[in-house]
Amino acid sequence: MGRTKKMVKEELANRPDNTAFTQQRLPAWQPMLSAGIVIPGFVIIGLAFIGIGVALFVTSQSIQLLELDYTGVEQTSPCFKCSDPNAKNCMCELTFSTDTLFKGPVFFYYGLSNYFQNYRSYGVSKDDDQLSGNLDNFKSPSDTCAPYEYDRNNKPFVPCGAVANSLFNDTFKLYQIVNGAKKVVPLDGKGISWWTDYNIKYRNPAVTPLKNAFNGTVKPLYWSKPAYELDPSDPANNGFINQDFLVWMRRAALPDFRKLYRRITDGDYAEGLPAGNYSLQIAYNYPVLSFEGRKKVVFSNVSWMGGKNEFLGIAYLVIGSLCVVMSVVMLIVYAKFKFPEEE
Amino acid sequence: MHQHKQKPKNKEERRVRANDRDYNEKFQYASNCIMTSKYNIITFLPVNLFEQFQEVANTYFLFLLILQLIPQISSLSWFTTIVPLALVLSITAVKDATDDYFRHKSDNQVNNRQSQVLIRGLLQNEKWMNVRVGDIIKLENNQFVAADLLLLSSSEPHGLCYIETAELDGETNMKVRQSVSVTSELGDQNNLASFDGEVVCEPPNNKLDRFCGTLYWRDKKYTLTNQNMLLRGCVLRNTEACYGLVIFAGPDTKLMQNSGRTKFKRTSIDRLMNTLVLWIFGFLVCMGVILAVGNAVWEREVGSLFQSYLPWDPPVDNFLFSAFLSFWSYVIILNTVVPISLYVSVEVIRLGHSYFINWDQQMFCSQCNTAAEARTTTLNEELGQVEYIFSDKTGTLTQNIMSFNKCSINGQTYGKYTHTHTLSGRFIRLDFTPFNPLADPNFCFYDDTLLESVKVGDSHTHEFFRLLSLCHTVMSEEKSEGELVYKAQSPDEGALVTAARNFGFVFRSRTPGTITTTEIGRPVTYTLLAILDFNNIRKRMSVIVRNPEGRIRLYCKGADTVLLERLHPCNQELMNITSDHLNEYAADGLRTLALAYRDLSEDEWEAWSESHRCADKATNCREDRLAAAYEEIEQDMMLLGATAIEDKLQEGVPETIAVLSLANIKIWVLTGDKQETAVNIGYSCKMLTDNMTEVFIIRGHTVQSVRQDFRSVSLEGQEGDGTGGEGGKQLQCPPPPPSNLMDNISGEFALVINGHSLAHALEADMEMEFVSTACACKAVICCRVTPLQKAQVVELIKKHKKAVTLAIGDGANDVSMIKSAHIGVGISGQEGIQAVLASDYSFSQFRFLQRLLLVHGRWSYLRMCRFLCYFFYKNFAFTMVHFWFGFFCGFSAQTVYDQYFITLYNIVYTSLPVLAMGIFDQDVPDQRSLEYPKLYEPGQLNLLFNKREFFICIAQGIYTSVVLFFVPCAVLSDATQSTGVPLADYQTFAVTTATALVIVVSVQIALDTGFWTVFNHVFVWGSLGSYFTIMFALHSQTLFKIFPNQFHFVGSAQSTLLQPVVWLTIALATAICIVPVLAFRFLKVDLKPQLSDTVRKHTQTQRFYH
């Protein structure tokens, strides 16, 4: 008996396994684009998008934004005199006024146009080892920094590379004009860079005083001050972890961009900029006219979803409405051409 | 033909001297060591890499890698190319290495088999690989033959030995080999050790049934033929021992010469894919040129002014050179449109499909314990596109189990029952045992008048069965007294000898010179004077025997057409009656043979025997001269009668043919059988039906008559009025209508064409007419065709119809057809395994063909098409984003994404979900594909993946890339974090775009997947999960601290993905990409549902209600 069983088994030794996998009968979910799912789905998506769109649009509308171009292209512009490439240490002053309270906290940006921080060879022109405080790379920077690796005397630039070299160096002071007198609006430059940039990515070498680490190096070609003296007012805000430097080094994705310059959060202005007249004093150092660039300052406040962003709200509204319209179209089509059920 | 070629002397002939290694070594013949493996440990890496880099795609990526090493051009780190390339190369290398490992293993096993070699008079054990040409080796029973040997002597009388050639040609019956008489006397080792004959023979070749050589020994010449040879791969049977001289060793043996690589078949999708990849190359170059021109303009207009912040690199001194470099940089970053992993993924998917075929229980035949086998793994999707099936008849449509069914003896027909009649109790199966103790109990016959006729001693009947018991090449094995087992080369022969056995003429045993039978209980031994072999041209075989009384008689059996021509004129009347019987049998679908004899006088025999010996010794044109000699004696014969053998249809054949023709597959039967038999089988398997408007029969013998036949067919076809009936109308009225009109005819037609007419129809000036006529018919039957004609017909359709062809057959005569069709299917049945060895797919029952095509083929095609569409889509969506970004970054070849993302996108983030879809997807369940054969049509019409579909995918990919670039671009340019920090920095942009991309392509694959198995779930969700996990890991502080230089994106993932705006952007982009697709697909299903949609919906509703 046992033998016959074994024989039968041997006879069918080549029979493939009868498993759901080998027989392609795995249990499976087989979704279909049926009207019962697609049409309500479109309605729900459409309504959700419209809802979000309305919220975004309303929020965005409540955000105040003030942009001032100070490139000085027009002769009427107060900065026209500074736009001459030969002008040195030129200062100019812009005045503006607000009718209502500019609700705080107010963020103060500078913006550049037609400026290609996203150009590939510009972007790679830096030395991450050097910027993370590696002293070896102070003496011999990585060749990615070319053409700002060494100066004519073959001394290494620190920080090297085109990105660092082109550090934005206009500075701004903001005054409220109260009864004809200028009242300084305090600007807060702390924490305007990414936390990871400030705490991890960029490190000063562990040398005190910091100055000594820079022995045998030269400051970048376009800099007026060496890296360790960027902020004379705050010794901790120098070297590679200077906030303005960090903001600049985080390069922009698009040729028109703005970067955070300061926050207005302190003193009388914690609630925002009251209605009134203001004067912005600009130390105009950064030439952009040669390549038809533009410079501007931007004041803005934010909501839960960040700064003013009308596109997002409108896009949501449009897509949401299209979904609803589509669902109606599909419903009509479905009603007209639906499957003959008996088939 | 090779005789005309001038070749070096040692190539023209081979000289081997026995027991003389020094002499033979001069010729440097191959040793008996075989090597089918391609690599060894040292050569593996270089050789394998060399082979792989012969693939254009791989070389292209190597070229890219070199470009990336040039710093001015390198827009991407080298590892973005090398990681995928290395992965692809290593997957292929691992596969090659495993294959080769198994080849090594089997080589070693074979090379180390032991054999006994006679060295200096002593038998020594040697490994096979150490056997040399010219050695004498001893074989024992059941041993494999080590090399191609000349049989010298054997333990059996007359130097006979028996071999089984299953491994060589798949035939399981035993065959006899005999040594040249002069060497068979050598006997033992001592004599053999001093044997110093020299063999001069043809150079190595792959003809298994032919050998031509001469033995020179002691100043005499002896002719050697295939009858004297033992070929490597055979097994010695029923023979205690034998000695042989090694003639061909190792790679020169006929077995190895036959194992040449078969022609590599490619599918139409393969060819399309290659074309598309070339187009993509062209597209890539265009993109590169556009961007390079953009770069030139930008550098001139903007870059030159921007030099205060970004001076041109020292080698770049003008905008044109910069543009040149930019072109190459863009070639590098846009290279991902040419998908490196495409070919490897396609191979993986096909391999998976092949396994599903091997694993399919419903294609397993439990009677013969064989599962279906996909012997080629590269053709699966073409199974879903077949339009023409060319089928053999015998053994393919029929079982090839022959039963002796009817016979006509001296104008009297016997036998009543055939398979086609219903089995009612009226016919009683004859019981032979009381009459004949040696009868085969399995034999069935239903007419007792025949047995009576034997019993009363009718001389014609006796002679009839005597012929059947003598004229054959069957071998018998008598295990115990009376228990006979016949081993026949063809089932027909076995059936006839068994019939004779049951009617009292029992074939007992044979030696080369005698045949022993038991005639009605009385043992008789005939002297066998000559066997006039059967072949496809002669279509008959004869034996010449001398009976114990000393009378010499020639017995001949063969195809009626050839045999009836060679009868003595006095047979006219009997011939007419027998012909009628033959036609009757053929109309019943039986296979017929005619039998005849001729008495020979001693003088006649002597004279003929002399001329035969002459022909036999001839060195050139030996076969032709032999045939002429045979022809000479097979004349003036006396007709005995005819036999009819039934070959039963296989199970499920009519149903399968019906389903396949519903699937719009045209089935052509190509058979060697008679027209009547073929037509009858055509009816019984429902290829031909009574509903058909007309069955045309073309049987002209001359060019003119065949042409006329075709024209009349065309005329008939045009009228298309359904004159109906038996067909075969041969109208004598030209003018010829234009043949393309045939495409428009209505009604169902069938065409039957004869072998000799086919020969004319295949000629260049008539083939168009033939093709257009035949293709307008629903069924085509070609009868009496030769193996070569089978292949020619297939080639003809391939050439004129551009359709996918499938050839299915079981015998050696189908091999050429199987090899020339796009897909060859071998039926592993009764007739050996030659067809299977040449085939791409094999199984044991014709009816499995419907499952292979309609289920596996259809799914494979569907999956492959969906896979390719998605694959091109995802690469375009991924890559074209760089193109749009080019317009915003000064055409500087800045990538949008992190380089790690670029490296991993194709191989980790998006590879597995699409593979899972390519392997597991199903639109409708398998039984539905069989229920609705029309579901097969999209494959034949090539609807699911063609150039149009490709452009749609590409367009969708480009649309997605536009959305993926411009939506984040528009949103992020003004957006800020809630801390006021702008979001428009490069890294945030990169992370946002990449995340949106991964999500969009994942949603898209989720939409494309119609069959979510657990694997699909794991892979889709796993890929998404792996994307986030890997991104967070790569952007982590830990990695940055170890390699500050490599991981610039530290912190970007957290910083970006914590922003609600970023998620709103991703959601928006996803919606814009997916919503139109969703709406389009819904409307398509709704407005223009494909059959598969309807069936799928129907199936789901059913499942819902049950």
# chains A, B, ... in the order shown; residues from 1 in each chain; ligands from 1
call {"tool": "closest_atom_pairs", "arguments": {"of": "segment 148-200 of chain A", "to": "segment 70-90 of chain A", "cutoff": "12 Å", "atoms": "only C-alpha atoms", "output": "JSON lines"}}
result
{"residue": "A:Asn169", "atom": "CA", "partner": "A:Asn89", "partner_atom": "CA", "distance": 11.2}
{"residue": "A:Asp170", "atom": "CA", "partner": "A:Asn89", "partner_atom": "CA", "distance": 10.0}
{"residue": "A:Thr171", "atom": "CA", "partner": "A:Asn89", "partner_atom": "CA", "distance": 11.0}
{"residue": "A:Phe172", "atom": "CA", "partner": "A:Tyr70", "partner_atom": "CA", "distance": 11.4}
call {"tool": "write_last_selection", "arguments": {"atoms": "C-alpha atoms", "output": "PDB file, in the first residue's frame"}}
result
ATOM      1  CA  ASN A 169      27.427  93.433   1.321  1.00  0.00           C
ATOM      2  CA  ASP A 170      24.834  96.183   1.198  1.00  0.00           C
ATOM      3  CA  THR A 171      23.766  97.096   4.740  1.00  0.00           C
ATOM      4  CA  PHE A 172      20.562  98.721   5.848  1.00  0.00           C
TER       5      PHE A 172
END
call {"tool": "closest_atom_pairs", "arguments": {"of": "segment 506-545 of chain B", "to": "segment 177-189 of chain B", "cutoff": "12 Å", "atoms": "only C-alpha atoms", "output": "tab-separated table"}}
result
residue	atom	partner	partner_atom	distance
B:Thr511	CA	B:Gln178	CA	10.5
B:Pro512	CA	B:Gln178	CA	8.4
B:Gly513	CA	B:Gln178	CA	11.5
call {"tool": "closest_residue", "arguments": {"among": "B:Ser75, B:Ser844, B:Asn318, B:Asn583", "to": "chain A", "atoms": "only C-alpha atoms"}}
result
B:Ser75
call {"tool": "residues_around", "arguments": {"residues": "Ile73 of chain B", "least_positions_apart": "5", "cutoff": "10 Å", "atoms": "only C-alpha atoms", "output": "PyMOL selection string"}}
result
chain B and resi 67-68+322+324-332+893
call {"tool": "closest_residue", "arguments": {"among": "A:Pro232, A:Pro186, A:Gly306, A:Gly276", "to": "Ser97 of chain A", "atoms": "only C-alpha atoms"}}
result
A:Gly276
call {"tool": "residues_around", "arguments": {"residues": "Glu292 of chain A", "least_positions_apart": "4", "cutoff": "12 Å", "atoms": "only C-alpha atoms", "output": "list in words"}}
result
Thr71, Gly72, Val73, Ser83, Leu112, Ser113, Asn114, Tyr115, Phe116, Pro287 and Val288 of chain A; Glu301, Val302, Gly303, Ser304, Leu305 and Phe306 of chain B
call {"tool": "atom_distance", "arguments": {"atom1": "atom CA of His800 of chain B", "atom2": "atom CA of Leu935 of chain B"}}
result
25.3 Å
call {"tool": "select_by_dssp", "arguments": {"residues": "segment 576-762 of chain B", "states": "helix (DSSP H, G or I)", "output": "number ranges by chain"}}
result
B: 576-587, 602-617, 622-633, 653-662, 675-684, 703-719, 739-744, 755-761
call {"tool": "closest_residue", "arguments": {"among": "A:Thr144, A:Asn277, A:Ser233, A:Asn154", "to": "chain B", "atoms": "only C-alpha atoms"}}
result
A:Thr144
call {"tool": "atom_distance", "arguments": {"atom1": "atom CA of Thr217 of chain A", "atom2": "atom CA of Arg120 of chain A"}}
result
26.1 Å
call {"tool": "atom_distance", "arguments": {"atom1": "atom CA of Gly53 of chain A", "atom2": "atom CA of Val963 of chain B"}}
result
18.2 Å
call {"tool": "residues_around", "arguments": {"residues": "Glu310 of chain A", "least_positions_apart": "5", "cutoff": "12 Å", "atoms": "only C-alpha atoms", "output": "list in words"}}
result
Gly53, Val54, Ala55, Leu56, Phe57, Val58, Thr59, Ser60, Gln61, Ser62, Ile63, Leu65, Met305, Ala315, Tyr316 and Leu317 of chain A; Ala970, Val971, Leu972, Ser973, Asp974 and Ala975 of chain B
call {"tool": "write_last_selection", "arguments": {"atoms": "all heavy atoms", "output": "short mmCIF file (atom, residue, chain, number, x, y, z; two decimals), in the first residue's frame"}}
result
data_model
loop_
_atom_site.label_atom_id
_atom_site.label_comp_id
_atom_site.auth_asym_id
_atom_site.auth_seq_id
_atom_site.Cartn_x
_atom_site.Cartn_y
_atom_site.Cartn_z
N GLY A 53 -8.17 76.16 -0.99
CA GLY A 53 -7.87 77.33 -1.79
C GLY A 53 -8.42 78.59 -1.17
O GLY A 53 -7.71 79.60 -1.08
N VAL A 54 -9.66 78.51 -0.70
CA VAL A 54 -10.27 79.69 -0.05
C VAL A 54 -9.45 80.08 1.17
O VAL A 54 -9.08 81.25 1.35
CB VAL A 54 -11.73 79.40 0.32
CG1 VAL A 54 -12.28 80.49 1.23
CG2 VAL A 54 -12.58 79.28 -0.94
N ALA A 55 -9.12 79.09 1.99
CA ALA A 55 -8.35 79.37 3.21
C ALA A 55 -7.03 80.02 2.85
O ALA A 55 -6.62 81.03 3.45
CB ALA A 55 -8.13 78.07 3.98
N LEU A 56 -6.35 79.45 1.85
CA LEU A 56 -5.04 79.99 1.47
C LEU A 56 -5.18 81.40 0.94
O LEU A 56 -4.39 82.29 1.26
CB LEU A 56 -4.41 79.10 0.39
CG LEU A 56 -3.88 77.75 0.84
CD1 LEU A 56 -3.45 76.93 -0.36
CD2 LEU A 56 -2.71 77.94 1.78
N PHE A 57 -6.23 81.59 0.13
CA PHE A 57 -6.39 82.89 -0.50
C PHE A 57 -6.66 83.97 0.55
O PHE A 57 -6.03 85.02 0.55
CB PHE A 57 -7.53 82.81 -1.52
CG PHE A 57 -7.59 84.01 -2.40
CD1 PHE A 57 -6.65 84.20 -3.40
CD2 PHE A 57 -8.58 84.97 -2.23
CE1 PHE A 57 -6.69 85.31 -4.21
CE2 PHE A 57 -8.63 86.09 -3.04
CZ PHE A 57 -7.67 86.25 -4.04
N VAL A 58 -7.57 83.62 1.46
CA VAL A 58 -7.91 84.59 2.50
C VAL A 58 -6.69 84.90 3.36
O VAL A 58 -6.36 86.06 3.63
CB VAL A 58 -9.08 84.04 3.35
CG1 VAL A 58 -9.29 84.91 4.59
CG2 VAL A 58 -10.34 83.99 2.51
N THR A 59 -5.98 83.82 3.74
CA THR A 59 -4.79 84.03 4.57
C THR A 59 -3.79 84.91 3.84
O THR A 59 -3.22 85.85 4.40
CB THR A 59 -4.12 82.68 4.88
OG1 THR A 59 -5.14 81.75 5.22
CG2 THR A 59 -3.14 82.81 6.01
N SER A 60 -3.61 84.58 2.57
CA SER A 60 -2.62 85.31 1.80
C SER A 60 -3.00 86.79 1.68
O SER A 60 -2.14 87.66 1.72
CB SER A 60 -2.50 84.67 0.42
OG SER A 60 -1.52 85.33 -0.32
N GLN A 61 -4.32 87.05 1.54
CA GLN A 61 -4.78 88.42 1.42
C GLN A 61 -4.47 89.22 2.68
O GLN A 61 -4.24 90.43 2.62
CB GLN A 61 -6.29 88.46 1.16
CG GLN A 61 -6.69 88.01 -0.23
CD GLN A 61 -6.07 88.85 -1.31
OE1 GLN A 61 -6.07 90.07 -1.23
NE2 GLN A 61 -5.50 88.21 -2.33
N SER A 62 -4.46 88.54 3.82
CA SER A 62 -4.26 89.27 5.07
C SER A 62 -2.80 89.63 5.31
O SER A 62 -2.48 90.38 6.22
CB SER A 62 -4.78 88.43 6.24
OG SER A 62 -3.92 87.33 6.41
N ILE A 63 -1.93 89.07 4.50
CA ILE A 63 -0.50 89.32 4.70
C ILE A 63 -0.11 90.63 4.01
O ILE A 63 -0.53 90.91 2.89
CB ILE A 63 0.32 88.15 4.15
CG1 ILE A 63 0.10 86.92 5.04
CG2 ILE A 63 1.80 88.49 4.11
CD1 ILE A 63 0.68 85.68 4.50
N LEU A 65 2.68 93.25 2.52
CA LEU A 65 3.94 93.11 1.81
C LEU A 65 4.32 94.47 1.26
O LEU A 65 3.48 95.18 0.71
CB LEU A 65 3.76 92.11 0.66
CG LEU A 65 5.02 91.72 -0.09
CD1 LEU A 65 5.76 90.64 0.67
CD2 LEU A 65 4.67 91.24 -1.48
N MET A 305 1.01 79.75 7.10
CA MET A 305 1.53 79.11 5.90
C MET A 305 2.67 79.90 5.29
O MET A 305 3.01 79.72 4.13
CB MET A 305 0.41 78.91 4.89
CG MET A 305 -0.50 80.08 4.77
SD MET A 305 -0.83 80.83 3.16
CE MET A 305 0.42 80.36 2.09
N ALA A 315 -4.36 78.61 -7.41
CA ALA A 315 -4.19 77.31 -8.07
C ALA A 315 -5.13 76.29 -7.45
O ALA A 315 -5.78 75.51 -8.15
CB ALA A 315 -2.75 76.85 -7.97
N TYR A 316 -5.21 76.27 -6.12
CA TYR A 316 -6.10 75.33 -5.46
C TYR A 316 -7.55 75.57 -5.87
O TYR A 316 -8.30 74.63 -6.13
CB TYR A 316 -5.94 75.41 -3.95
CG TYR A 316 -4.99 74.37 -3.41
CD1 TYR A 316 -3.62 74.60 -3.37
CD2 TYR A 316 -5.45 73.14 -2.98
CE1 TYR A 316 -2.73 73.65 -2.90
CE2 TYR A 316 -4.58 72.18 -2.51
CZ TYR A 316 -3.23 72.43 -2.47
OH TYR A 316 -2.38 71.48 -2.01
N LEU A 317 -7.92 76.84 -5.93
CA LEU A 317 -9.30 77.15 -6.32
C LEU A 317 -9.58 76.67 -7.74
O LEU A 317 -10.62 76.06 -8.01
CB LEU A 317 -9.54 78.65 -6.21
CG LEU A 317 -9.73 79.17 -4.78
CD1 LEU A 317 -9.79 80.69 -4.76
CD2 LEU A 317 -11.01 78.58 -4.20
N ALA B 970 6.61 78.17 -9.08
CA ALA B 970 5.69 79.29 -8.86
C ALA B 970 5.38 79.46 -7.38
O ALA B 970 5.27 80.59 -6.89
CB ALA B 970 4.40 79.04 -9.64
N VAL B 971 5.22 78.35 -6.69
CA VAL B 971 4.84 78.47 -5.28
C VAL B 971 6.02 78.93 -4.43
O VAL B 971 5.93 79.87 -3.65
CB VAL B 971 4.30 77.13 -4.74
CG1 VAL B 971 4.00 77.24 -3.26
CG2 VAL B 971 3.06 76.72 -5.51
N LEU B 972 7.15 78.27 -4.61
CA LEU B 972 8.25 78.49 -3.68
C LEU B 972 8.97 79.81 -3.90
O LEU B 972 9.60 80.32 -2.99
CB LEU B 972 9.26 77.34 -3.78
CG LEU B 972 8.74 75.96 -3.36
CD1 LEU B 972 9.86 74.96 -3.36
CD2 LEU B 972 8.09 76.01 -1.99
N SER B 973 8.88 80.37 -5.10
CA SER B 973 9.66 81.58 -5.33
C SER B 973 9.26 82.69 -4.36
O SER B 973 10.10 83.50 -3.98
CB SER B 973 9.50 82.03 -6.78
OG SER B 973 8.14 82.32 -7.02
N ASP B 974 8.01 82.72 -3.94
CA ASP B 974 7.58 83.76 -3.01
C ASP B 974 7.38 83.25 -1.61
O ASP B 974 7.18 84.02 -0.69
CB ASP B 974 6.24 84.36 -3.47
CG ASP B 974 6.43 85.18 -4.72
OD1 ASP B 974 7.54 85.72 -4.88
OD2 ASP B 974 5.49 85.25 -5.53
N ALA B 975 7.38 81.92 -1.43
CA ALA B 975 6.95 81.39 -0.15
C ALA B 975 8.05 81.50 0.90
O ALA B 975 9.24 81.55 0.59
CB ALA B 975 6.55 79.94 -0.30
#
